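Data block for upload-v5.cif (mmCIF, C-alpha atoms and all ligand atoms):
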data_final
#
loop_
_atom_site.group_PDB
_atom_site.id
_atom_site.type_symbol
_atom_site.label_atom_id
_atom_site.label_comp_id
_atom_site.auth_asym_id
_atom_site.auth_seq_id
_atom_site.Cartn_x
_atom_site.Cartn_y
_atom_site.Cartn_z
ATOM 1 C CA MET K 1077 -0.675 -11.582 17.474
ATOM 2 C CA CYS K 1078 -4.242 -10.281 17.750
ATOM 3 C CA LYS K 1079 -7.417 -12.210 16.931
ATOM 4 C CA PRO K 1080 -9.358 -10.652 14.057
ATOM 5 C CA ASP K 1081 -12.647 -10.404 16.000
ATOM 6 C CA TYR K 1082 -13.308 -6.861 14.791
ATOM 7 C CA PHE K 1083 -11.407 -7.030 11.525
ATOM 8 C CA LYS K 1084 -13.066 -5.373 8.535
ATOM 9 C CA ILE K 1085 -12.460 -3.003 5.658
ATOM 10 C CA ALA K 1086 -13.761 0.118 7.334
ATOM 11 C CA TYR K 1087 -11.651 2.739 5.510
ATOM 12 C CA GLU K 1088 -9.156 2.998 2.677
ATOM 13 C CA ILE K 1089 -5.583 3.887 3.607
ATOM 14 C CA ASN K 1090 -3.717 1.839 1.006
ATOM 15 C CA PRO K 1091 -4.480 0.886 -2.618
ATOM 16 C CA TRP K 1092 -5.523 -2.661 -1.666
ATOM 17 C CA MET K 1093 -8.406 -1.502 0.500
ATOM 18 C CA ASN K 1094 -11.839 -0.882 -1.009
ATOM 19 C CA ILE K 1095 -14.747 -0.416 1.379
ATOM 20 C CA ASN K 1096 -16.999 -1.924 -1.299
ATOM 21 C CA VAL K 1097 -15.037 -5.187 -1.156
ATOM 22 C CA PRO K 1098 -15.706 -6.389 2.387
ATOM 23 C CA ALA K 1099 -13.765 -9.076 4.180
ATOM 24 C CA ASP K 1100 -15.585 -12.285 5.051
ATOM 25 C CA ILE K 1101 -15.192 -12.362 8.842
ATOM 26 C CA VAL K 1102 -15.847 -16.108 9.166
ATOM 27 C CA ARG K 1103 -13.125 -16.883 6.642
ATOM 28 C CA ALA K 1104 -10.829 -14.275 8.190
ATOM 29 C CA LYS K 1105 -11.151 -15.981 11.582
ATOM 30 C CA GLU K 1106 -10.443 -19.406 10.065
ATOM 31 C CA GLN K 1107 -7.430 -18.060 8.197
ATOM 32 C CA TRP K 1108 -6.074 -16.370 11.309
ATOM 33 C CA GLU K 1109 -6.524 -19.561 13.391
ATOM 34 C CA ALA K 1110 -4.609 -21.538 10.759
ATOM 35 C CA ILE K 1111 -1.708 -19.071 10.911
ATOM 36 C CA TYR K 1112 -1.741 -19.058 14.711
ATOM 37 C CA ASN K 1113 -1.823 -22.865 14.951
ATOM 38 C CA THR K 1114 0.916 -23.234 12.353
ATOM 39 C CA ILE K 1115 3.180 -20.855 14.257
ATOM 40 C CA LEU K 1116 2.496 -22.726 17.504
ATOM 41 C CA SER K 1117 3.245 -26.037 15.785
ATOM 42 C CA LEU K 1118 6.710 -24.709 14.936
ATOM 43 C CA GLY K 1119 7.414 -24.454 18.649
ATOM 44 C CA VAL K 1120 7.143 -20.665 18.703
ATOM 45 C CA LYS K 1121 5.494 -19.106 21.735
ATOM 46 C CA VAL K 1122 2.799 -16.599 20.824
ATOM 47 C CA SER K 1123 1.482 -13.821 23.065
ATOM 48 C CA LEU K 1124 -1.829 -12.234 22.258
ATOM 49 C CA ILE K 1125 -3.212 -8.734 22.601
ATOM 50 C CA GLU K 1126 -6.984 -8.357 23.120
ATOM 51 C CA PRO K 1127 -8.891 -7.227 20.016
ATOM 52 C CA VAL K 1128 -10.715 -3.903 20.378
ATOM 53 C CA GLU K 1129 -14.016 -3.074 18.737
ATOM 54 C CA GLY K 1130 -13.683 -0.229 16.259
ATOM 55 C CA LEU K 1131 -9.996 -0.945 15.590
ATOM 56 C CA PRO K 1132 -10.121 -3.313 12.590
ATOM 57 C CA ASP K 1133 -6.393 -3.120 11.795
ATOM 58 C CA LEU K 1134 -5.185 -3.994 15.313
ATOM 59 C CA VAL K 1135 -4.809 -7.498 13.887
ATOM 60 C CA PHE K 1136 -1.700 -6.233 12.027
ATOM 61 C CA THR K 1137 0.523 -6.326 15.081
ATOM 62 C CA ALA K 1138 3.722 -5.964 13.051
ATOM 63 C CA ASN K 1139 2.818 -2.289 13.145
ATOM 64 C CA ALA K 1140 2.756 -2.064 16.953
ATOM 65 C CA GLY K 1141 6.358 -0.947 17.222
ATOM 66 C CA LEU K 1142 9.915 -2.199 16.935
ATOM 67 C CA VAL K 1143 11.177 -4.449 19.690
ATOM 68 C CA HIS K 1144 14.842 -4.502 20.649
ATOM 69 C CA GLY K 1145 15.525 -6.689 23.672
ATOM 70 C CA LYS K 1146 13.298 -5.293 26.406
ATOM 71 C CA LYS K 1147 13.002 -1.939 24.677
ATOM 72 C CA VAL K 1148 10.222 -1.068 22.294
ATOM 73 C CA ILE K 1149 9.948 1.928 20.018
ATOM 74 C CA LEU K 1150 6.228 2.517 19.802
ATOM 75 C CA SER K 1151 4.618 3.312 16.486
ATOM 76 C CA HIS K 1152 2.975 6.592 15.676
ATOM 77 C CA PHE K 1153 0.658 5.851 12.756
ATOM 78 C CA LYS K 1154 0.420 8.141 9.784
ATOM 79 C CA TYR K 1155 -3.330 7.820 9.374
ATOM 80 C CA PRO K 1156 -5.711 8.983 12.120
ATOM 81 C CA GLU K 1157 -7.754 5.805 11.507
ATOM 82 C CA ARG K 1158 -4.963 3.724 13.075
ATOM 83 C CA GLN K 1159 -3.691 6.160 15.701
ATOM 84 C CA PRO K 1160 -6.145 4.963 18.394
ATOM 85 C CA GLU K 1161 -4.319 1.583 18.277
ATOM 86 C CA GLU K 1162 -1.221 3.209 19.757
ATOM 87 C CA ARG K 1163 -2.407 3.307 23.353
ATOM 88 C CA TYR K 1164 -3.476 -0.353 23.335
ATOM 89 C CA PHE K 1165 -0.090 -1.436 22.053
ATOM 90 C CA GLU K 1166 1.614 0.813 24.612
ATOM 91 C CA LYS K 1167 -0.458 -0.742 27.395
ATOM 92 C CA TRP K 1168 0.448 -4.251 26.256
ATOM 93 C CA PHE K 1169 4.155 -3.462 26.232
ATOM 94 C CA SER K 1170 4.094 -1.722 29.638
ATOM 95 C CA ASN K 1171 2.208 -4.680 31.111
ATOM 96 C CA HIS K 1172 4.889 -6.989 29.738
ATOM 97 C CA ASP K 1173 7.791 -5.063 31.285
ATOM 98 C CA TYR K 1174 9.103 -3.341 28.201
ATOM 99 C CA THR K 1175 10.691 0.072 28.357
ATOM 100 C CA CYS K 1176 8.603 2.112 25.959
ATOM 101 C CA TYR K 1177 10.166 4.768 23.749
ATOM 102 C CA LYS K 1178 8.151 7.286 21.796
ATOM 103 C CA LEU K 1179 9.457 9.279 18.877
ATOM 104 C CA PRO K 1180 9.272 13.091 18.985
ATOM 105 C CA LYS K 1181 5.733 14.401 18.600
ATOM 106 C CA GLY K 1182 4.355 14.135 15.101
ATOM 107 C CA VAL K 1183 7.054 11.819 13.696
ATOM 108 C CA HIS K 1184 5.416 8.866 11.993
ATOM 109 C CA PHE K 1185 6.832 5.375 12.331
ATOM 110 C CA GLU K 1186 4.976 2.095 11.734
ATOM 111 C CA GLY K 1187 7.088 -0.415 13.622
ATOM 112 C CA GLU K 1188 8.300 -3.695 12.237
ATOM 113 C CA GLY K 1189 6.238 -3.005 9.121
ATOM 114 C CA ASP K 1190 9.050 -0.651 8.133
ATOM 115 C CA ALA K 1191 11.994 -2.216 9.968
ATOM 116 C CA VAL K 1192 13.828 -5.414 9.121
ATOM 117 C CA TYR K 1193 16.615 -6.840 11.247
ATOM 118 C CA TYR K 1194 19.454 -7.662 8.894
ATOM 119 C CA LYS K 1195 22.617 -9.207 10.409
ATOM 120 C CA ASP K 1196 23.966 -6.537 12.798
ATOM 121 C CA ILE K 1197 22.046 -3.649 11.302
ATOM 122 C CA LEU K 1198 18.510 -2.529 10.561
ATOM 123 C CA LEU K 1199 16.969 -1.923 7.161
ATOM 124 C CA LEU K 1200 14.433 0.871 7.545
ATOM 125 C CA GLY K 1201 11.746 1.867 5.066
ATOM 126 C CA HIS K 1202 10.265 5.314 4.532
ATOM 127 C CA GLY K 1203 8.184 7.161 1.978
ATOM 128 C CA PHE K 1204 4.568 6.247 2.635
ATOM 129 C CA ARG K 1205 4.000 5.611 6.339
ATOM 130 C CA THR K 1206 7.277 5.918 8.206
ATOM 131 C CA GLU K 1207 9.140 9.198 7.941
ATOM 132 C CA LEU K 1208 12.836 9.327 7.173
ATOM 133 C CA SER K 1209 13.360 11.575 10.211
ATOM 134 C CA SER K 1210 12.380 8.669 12.480
ATOM 135 C CA HIS K 1211 15.392 6.627 11.370
ATOM 136 C CA THR K 1212 18.052 8.517 13.329
ATOM 137 C CA HIS K 1213 15.974 8.124 16.495
ATOM 138 C CA ILE K 1214 15.567 4.392 15.855
ATOM 139 C CA GLY K 1215 19.331 4.103 15.353
ATOM 140 C CA ASP K 1216 19.998 6.004 18.591
ATOM 141 C CA ILE K 1217 17.537 4.014 20.703
ATOM 142 C CA THR K 1218 18.595 0.585 19.417
ATOM 143 C CA GLY K 1219 22.277 1.520 19.135
ATOM 144 C CA LYS K 1220 22.252 -0.072 15.696
ATOM 145 C CA ALA K 1221 23.568 1.100 12.375
ATOM 146 C CA TYR K 1222 20.880 1.259 9.720
ATOM 147 C CA LYS K 1223 20.287 1.742 6.027
ATOM 148 C CA SER K 1224 17.320 3.820 4.855
ATOM 149 C CA LEU K 1225 15.357 2.514 1.899
ATOM 150 C CA ARG K 1226 12.854 4.745 0.141
ATOM 151 C CA LEU K 1227 9.632 3.096 -0.986
ATOM 152 C CA ILE K 1228 8.161 4.483 -4.198
ATOM 153 C CA ASN K 1229 5.250 2.204 -5.095
ATOM 154 C CA PRO K 1230 2.019 2.818 -3.108
ATOM 155 C CA HIS K 1231 1.071 -0.872 -3.318
ATOM 156 C CA TYR K 1232 4.190 -1.664 -1.286
ATOM 157 C CA TYR K 1233 3.781 0.998 1.360
ATOM 158 C CA HIS K 1234 5.593 -0.884 4.141
ATOM 159 C CA LEU K 1235 9.061 -2.423 3.826
ATOM 160 C CA ASP K 1236 7.750 -5.824 4.938
ATOM 161 C CA THR K 1237 5.525 -5.961 1.831
ATOM 162 C CA CYS K 1238 8.482 -5.942 -0.545
ATOM 163 C CA LEU K 1239 11.589 -7.246 1.258
ATOM 164 C CA LEU K 1240 12.264 -10.356 3.303
ATOM 165 C CA PHE K 1241 15.550 -11.499 4.833
ATOM 166 C CA ILE K 1242 15.927 -15.219 5.274
ATOM 167 C CA GLU K 1243 18.695 -15.566 7.790
ATOM 168 C CA ALA K 1244 19.102 -19.341 7.537
ATOM 169 C CA LEU K 1245 19.956 -19.019 3.845
ATOM 170 C CA ASP K 1246 21.609 -15.611 4.051
ATOM 171 C CA LEU K 1247 19.197 -14.553 1.348
ATOM 172 C CA ILE K 1248 17.279 -11.342 0.678
ATOM 173 C CA ILE K 1249 14.111 -11.707 -1.373
ATOM 174 C CA TYR K 1250 12.814 -8.386 -2.680
ATOM 175 C CA TYR K 1251 10.715 -6.679 -5.310
ATOM 176 C CA PRO K 1252 12.827 -4.055 -7.132
ATOM 177 C CA GLY K 1253 9.705 -2.212 -8.391
ATOM 178 C CA ALA K 1254 9.044 -1.010 -4.845
ATOM 179 C CA PHE K 1255 12.382 0.811 -4.442
ATOM 180 C CA ASP K 1256 14.176 3.728 -6.025
ATOM 181 C CA TYR K 1257 17.486 3.239 -7.817
ATOM 182 C CA GLU K 1258 19.516 4.154 -4.744
ATOM 183 C CA GLY K 1259 17.591 1.639 -2.628
ATOM 184 C CA ILE K 1260 18.266 -1.157 -5.117
ATOM 185 C CA GLU K 1261 21.953 -0.288 -5.034
ATOM 186 C CA ILE K 1262 21.940 -0.434 -1.237
ATOM 187 C CA ILE K 1263 20.186 -3.827 -1.210
ATOM 188 C CA GLU K 1264 22.471 -5.272 -3.888
ATOM 189 C CA GLY K 1265 25.477 -3.961 -1.973
ATOM 190 C CA LEU K 1266 24.589 -5.908 1.173
ATOM 191 C CA PRO K 1267 26.744 -8.968 1.868
ATOM 192 C CA SER K 1268 24.016 -11.531 1.097
ATOM 193 C CA ARG K 1269 22.602 -13.243 -1.904
ATOM 194 C CA THR K 1270 19.551 -11.560 -3.401
ATOM 195 C CA LEU K 1271 16.561 -12.953 -5.211
ATOM 196 C CA ARG K 1272 14.578 -10.367 -7.160
ATOM 197 C CA ILE K 1273 10.963 -11.259 -7.630
ATOM 198 C CA TYR K 1274 8.597 -10.063 -10.331
ATOM 199 C CA GLU K 1275 5.389 -8.131 -9.804
ATOM 200 C CA GLU K 1276 3.303 -11.293 -10.145
ATOM 201 C CA ASP K 1277 4.774 -12.658 -6.908
ATOM 202 C CA ALA K 1278 5.163 -9.281 -5.224
ATOM 203 C CA GLY K 1279 1.412 -8.735 -5.733
ATOM 204 C CA LEU K 1280 0.731 -12.001 -3.904
ATOM 205 C CA PHE K 1281 2.752 -10.545 -1.016
ATOM 206 C CA ALA K 1282 5.385 -13.258 -1.329
ATOM 207 C CA CYS K 1283 7.774 -11.033 0.653
ATOM 208 C CA ASN K 1284 5.210 -10.666 3.433
ATOM 209 C CA SER K 1285 5.931 -14.162 4.688
ATOM 210 C CA VAL K 1286 7.102 -15.404 8.040
ATOM 211 C CA CYS K 1287 10.227 -17.484 8.091
ATOM 212 C CA SER K 1288 11.153 -19.831 10.901
ATOM 213 C CA GLY K 1289 14.465 -21.504 10.141
ATOM 214 C CA THR K 1290 13.921 -22.830 6.637
ATOM 215 C CA LYS K 1291 10.138 -23.033 6.878
ATOM 216 C CA LEU K 1292 8.344 -20.279 5.036
ATOM 217 C CA LEU K 1293 4.752 -19.377 5.907
ATOM 218 C CA LEU K 1294 3.526 -17.898 2.681
ATOM 219 C CA TYR K 1295 0.169 -16.972 1.202
ATOM 220 C CA LYS K 1296 0.757 -17.745 -2.453
ATOM 221 C CA SER K 1297 3.391 -17.536 -5.131
ATOM 222 C CA THR K 1298 3.787 -18.502 -8.750
ATOM 223 C CA GLU K 1299 4.939 -22.052 -9.327
ATOM 224 C CA ARG K 1300 8.184 -20.689 -10.699
ATOM 225 C CA LEU K 1301 9.021 -18.899 -7.441
ATOM 226 C CA ALA K 1302 7.817 -21.830 -5.317
ATOM 227 C CA ASP K 1303 10.124 -24.196 -7.214
ATOM 228 C CA LYS K 1304 13.032 -21.817 -6.764
ATOM 229 C CA LEU K 1305 12.376 -21.454 -3.036
ATOM 230 C CA ASN K 1306 12.175 -25.236 -2.668
ATOM 231 C CA GLU K 1307 15.407 -25.650 -4.570
ATOM 232 C CA LEU K 1308 17.035 -23.184 -2.180
ATOM 233 C CA GLY K 1309 16.051 -25.403 0.717
ATOM 234 C CA LEU K 1310 12.915 -23.651 1.943
ATOM 235 C CA GLU K 1311 9.862 -25.648 2.909
ATOM 236 C CA ILE K 1312 6.780 -23.664 1.956
ATOM 237 C CA ILE K 1313 3.789 -23.819 4.273
ATOM 238 C CA PRO K 1314 0.911 -22.286 2.312
ATOM 239 C CA LEU K 1315 -1.543 -20.224 4.352
ATOM 240 C CA ASP K 1316 -4.568 -18.556 2.854
ATOM 241 C CA THR K 1317 -4.740 -14.855 3.732
ATOM 242 C CA SER K 1318 -7.249 -13.772 1.078
ATOM 243 C CA GLU K 1319 -9.381 -11.801 3.566
ATOM 244 C CA PHE K 1320 -6.420 -9.900 5.002
ATOM 245 C CA MET K 1321 -5.046 -9.177 1.527
ATOM 246 C CA LYS K 1322 -8.195 -7.061 1.059
ATOM 247 C CA SER K 1323 -6.704 -4.832 3.745
ATOM 248 C CA GLY K 1324 -3.215 -4.871 2.213
ATOM 249 C CA GLY K 1325 -1.692 -7.356 4.619
ATOM 250 C CA SER K 1326 -0.584 -10.984 4.693
ATOM 251 C CA VAL K 1327 1.097 -13.361 7.155
ATOM 252 C CA ARG K 1328 4.018 -11.120 8.135
ATOM 253 C CA CYS K 1329 1.817 -8.161 8.999
ATOM 254 C CA MET K 1330 -0.086 -10.212 11.555
ATOM 255 C CA VAL K 1331 2.958 -11.135 13.601
ATOM 256 C CA LEU K 1332 5.248 -8.932 15.647
ATOM 257 C CA THR K 1333 8.562 -10.446 16.654
ATOM 258 C CA VAL K 1334 9.054 -9.805 20.359
ATOM 259 C CA SER K 1335 12.072 -12.022 20.851
ATOM 260 C CA ARG K 1336 14.350 -13.851 18.515
ATOM 261 C CA SER K 1337 16.467 -16.936 18.914
ATOM 262 C CA LYS K 1338 20.218 -16.947 18.498
ATOM 263 C CA ARG K 1339 21.386 -16.526 14.937
ATOM 264 C CA SER K 1340 20.332 -19.621 13.049
ATOM 265 C CA GLU K 1341 22.897 -21.651 11.239
ATOM 266 C CA VAL K 1342 23.808 -20.081 7.940
ATOM 267 C CA ARG K 1343 23.858 -22.733 5.294
ATOM 268 C CA ASN K 1344 26.287 -22.495 2.478
ATOM 269 C CA GLN K 1345 24.264 -22.890 -0.676
ATOM 270 C CA LYS K 1346 26.119 -20.381 -2.775
ATOM 271 C CA GLN K 1347 25.821 -22.387 -5.959
ATOM 272 C CA GLN K 1348 22.051 -22.357 -5.895
ATOM 273 C CA VAL K 1349 21.508 -18.684 -6.441
ATOM 274 C CA ARG K 1350 23.809 -16.113 -7.905
ATOM 275 C CA LYS K 1351 23.934 -12.569 -6.613
ATOM 276 C CA GLY K 1352 20.963 -10.656 -7.919
ATOM 277 C CA GLU K 1353 19.124 -13.502 -9.541
ATOM 278 C CA ASN K 1354 15.720 -12.652 -10.999
ATOM 279 C CA PHE K 1355 12.769 -14.817 -10.133
HETATM 280 N N1 LIG B 1401 -4.730 -2.047 6.505
HETATM 281 C C1 LIG B 1401 -3.464 -1.940 7.150
HETATM 282 C C2 LIG B 1401 -2.834 -0.599 6.864
HETATM 283 O O1 LIG B 1401 -2.991 -0.101 5.778
HETATM 284 C C3 LIG B 1401 -2.544 -3.060 6.731
HETATM 285 C C4 LIG B 1401 -1.252 -3.083 7.483
HETATM 286 C C5 LIG B 1401 -0.267 -4.092 6.970
HETATM 287 N N2 LIG B 1401 0.855 -4.219 7.829
HETATM 288 C C6 LIG B 1401 2.129 -4.429 7.467
HETATM 289 N N3 LIG B 1401 3.004 -4.649 8.386
HETATM 290 N N4 LIG B 1401 2.502 -4.350 6.208
HETATM 291 O O2 LIG B 1401 -2.190 -0.004 7.703
#

With the file now loaded, output its structure as structure tokens.
Ligand code: ARG
Amino acid sequence: MCKPDYFKIAYEINPWMNINVPADIVRAKEQWEAIYNTILSLGVKVSLIEPVEGLPDLVFTANAGLVHGKKVILSHFKYPERQPEERYFEKWFSNHDYTCYKLPKGVHFEGEGDAVYYKDILLLGHGFRTELSSHTHIGDITGKAYKSLRLINPHYYHLDTCLLFIEALDLIIYYPGAFDYEGIEIIEGLPSRTLRIYEEDAGLFACNSVCSGTKLLLYKSTERLADKLNELGLEIIPLDTSEFMKSGGSVRCMVLTVSRSKRSEVRNQKQQVRKGENF
């Protein structure tokens, strides 16, 4: 994670950002501390990267790259505004003994923002930030099979804004309005239960949550979705991210997974949600 010391809305590179709607830095710092402390309280170890003045979006560390064991595929940001972050992330990874991989020159890829570990494969987004041509390289470097999902709605410009895999429940929560028809077919064809959320919850970045076991660190959702998630066995930990939402990011964007525990126990709750249930 990265403290939001220099966080602000300095430019507009997604539809959520408006330089005339500034972030309140005091609130942003409080919100970030609450997320950090909550993650620590779950027994998760958190490493920090130093904030850098002039790089307001460095706080969104999910975009640093994609970690696979001690390998990392470094991001190459689409927008020049974020490209200066690349060398700081690279430095952090080299200092922490990662083998750094870079994609061929000019190929854009925005890290875990567009890559979700799903069982033995990767789900990779493309369309707004990450280019489809990066996917074969990611497959080669990680040695993993992958499925490419095209994003079509500019409000959901990274895969982690519209799809979340909850391993402990073998459940995929996603917003169909962010994907093309083929993408929806791919998601529905995966061997997991799916919960399709409506725009109301997608717009609150319900998919941009962090899940640890069955605890879900989430900004906000409608009561209807919260009830459903509770019924499924998830314990919601609400965390205000209002200031970061002004930049088009929520809890998930502020965390990069650098190591993961052994596959958590998959609970059999098949009765509680049918395949492709709408919520
Ligand atoms: N303002 C940032 C951008 O547009 C937000 C990044 C959100 N990160 C994420 N993983 N979805 O790049």

Can you build me a table of chain K residues sitting at most 6 Å from ligand LIG 1401 (chain B), with the closest atom pair per residue and its distance in Å to one decimal, using only C-alpha atoms and all ligand atoms, sorted by chain and residue number, as a Markdown table?
| residue | atom | partner | partner_atom | distance |
| --- | --- | --- | --- | --- |
| K:Ile1089 | CA | B:LIG1401 | O1 | 5.2 |
| K:Asn1090 | CA | B:LIG1401 | O1 | 5.2 |
| K:Asp1133 | CA | B:LIG1401 | C1 | 5.6 |
| K:Phe1136 | CA | B:LIG1401 | N2 | 5.3 |
| K:Ala1138 | CA | B:LIG1401 | N3 | 4.9 |
| K:Asn1139 | CA | B:LIG1401 | N3 | 5.3 |
| K:Gly1189 | CA | B:LIG1401 | N3 | 3.7 |
| K:His1234 | CA | B:LIG1401 | N4 | 5.1 |
| K:Asp1236 | CA | B:LIG1401 | N4 | 5.6 |
| K:Thr1237 | CA | B:LIG1401 | N4 | 5.6 |
| K:Ser1323 | CA | B:LIG1401 | N1 | 4.4 |
| K:Gly1324 | CA | B:LIG1401 | C3 | 4.9 |
| K:Gly1325 | CA | B:LIG1401 | C5 | 4.3 |
| K:Cys1329 | CA | B:LIG1401 | N3 | 3.8 |

Output file for the selection above: C-alpha atoms, as a compact mmCIF listing (two decimals), in the frame of the given file:
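The result, written out as out34.txt:
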# COMPACT_ATOMS: atom_id res chain seq x y z
CA ILE K 1089 -5.58 3.89 3.61
CA ASN K 1090 -3.72 1.84 1.01
CA ASP K 1133 -6.39 -3.12 11.80
CA PHE K 1136 -1.70 -6.23 12.03
CA ALA K 1138 3.72 -5.96 13.05
CA ASN K 1139 2.82 -2.29 13.14
CA GLY K 1189 6.24 -3.00 9.12
CA HIS K 1234 5.59 -0.88 4.14
CA ASP K 1236 7.75 -5.82 4.94
CA THR K 1237 5.52 -5.96 1.83
CA SER K 1323 -6.70 -4.83 3.74
CA GLY K 1324 -3.22 -4.87 2.21
CA GLY K 1325 -1.69 -7.36 4.62
CA CYS K 1329 1.82 -8.16 9.00

TODO: Mind checking which residues fall within 12 Å of range 1211-1221 of chain K, counting all atoms listed in the file, ignoring those fewer than 3 positions away in the same chain, and posting them as a ChimeraX atom specification?
DONE: /K:1141-1151,1175-1180,1183-1188,1190-1203,1206-1208,1224-1226

TODO: Extract, using all atoms listed in the file, all DNA, RNA and protein residues at most 8 Å from Phe1255 in chain K, discarding same-chain residues fewer than 4 positions from it, and format them as a count of residues only.
DONE: 8

Open item on the list: Evaluated on this file, the PyMOL selection byres (((chain K and resi 1309) around 9) and not hetatm) picks out some residues - which ones are they, written as a list in words?
Closed with: Leu1245, Thr1290, Lys1291, Lys1304, Leu1305, Asn1306, Glu1307, Leu1308, Leu1310, Glu1311 and Gln1345 of chain K

Task: Closest of K:Ile1248, K:Ala1099, K:Leu1271, K:Met1093 to Asn1354 in chain K - atom-to-atom distances counting only C-alpha atoms - done: K:Leu1271

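With distances taken over all atoms listed in the file, K:Ala1140 is the one residue among K:Lys1121, K:Glu1275, K:Ala1140, K:Cys1283 lying closest to Phe1153 in chain K.
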
- [ ] Identify, on the basis of all atoms listed in the file, every residue whose closest approach to Ser1268 in chain K does not exceed 9 Å; exclude the query and any residue fewer than 3 positions from it along the same chain; express the result as a count of residues only.
- [x] 8

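Distances here use only C-alpha atoms; by that measure, the residue among K:Ser1123, K:Tyr1222, K:Gly1130, K:Glu1261 closest to Phe1169 in chain K is K:Ser1123.
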
Task: Shortest interatomic distance to Thr1270 in chain K - which of K:Val1286, K:Glu1353, K:Thr1298, K:Asp1081, counting all atoms listed in the file - done: K:Glu1353
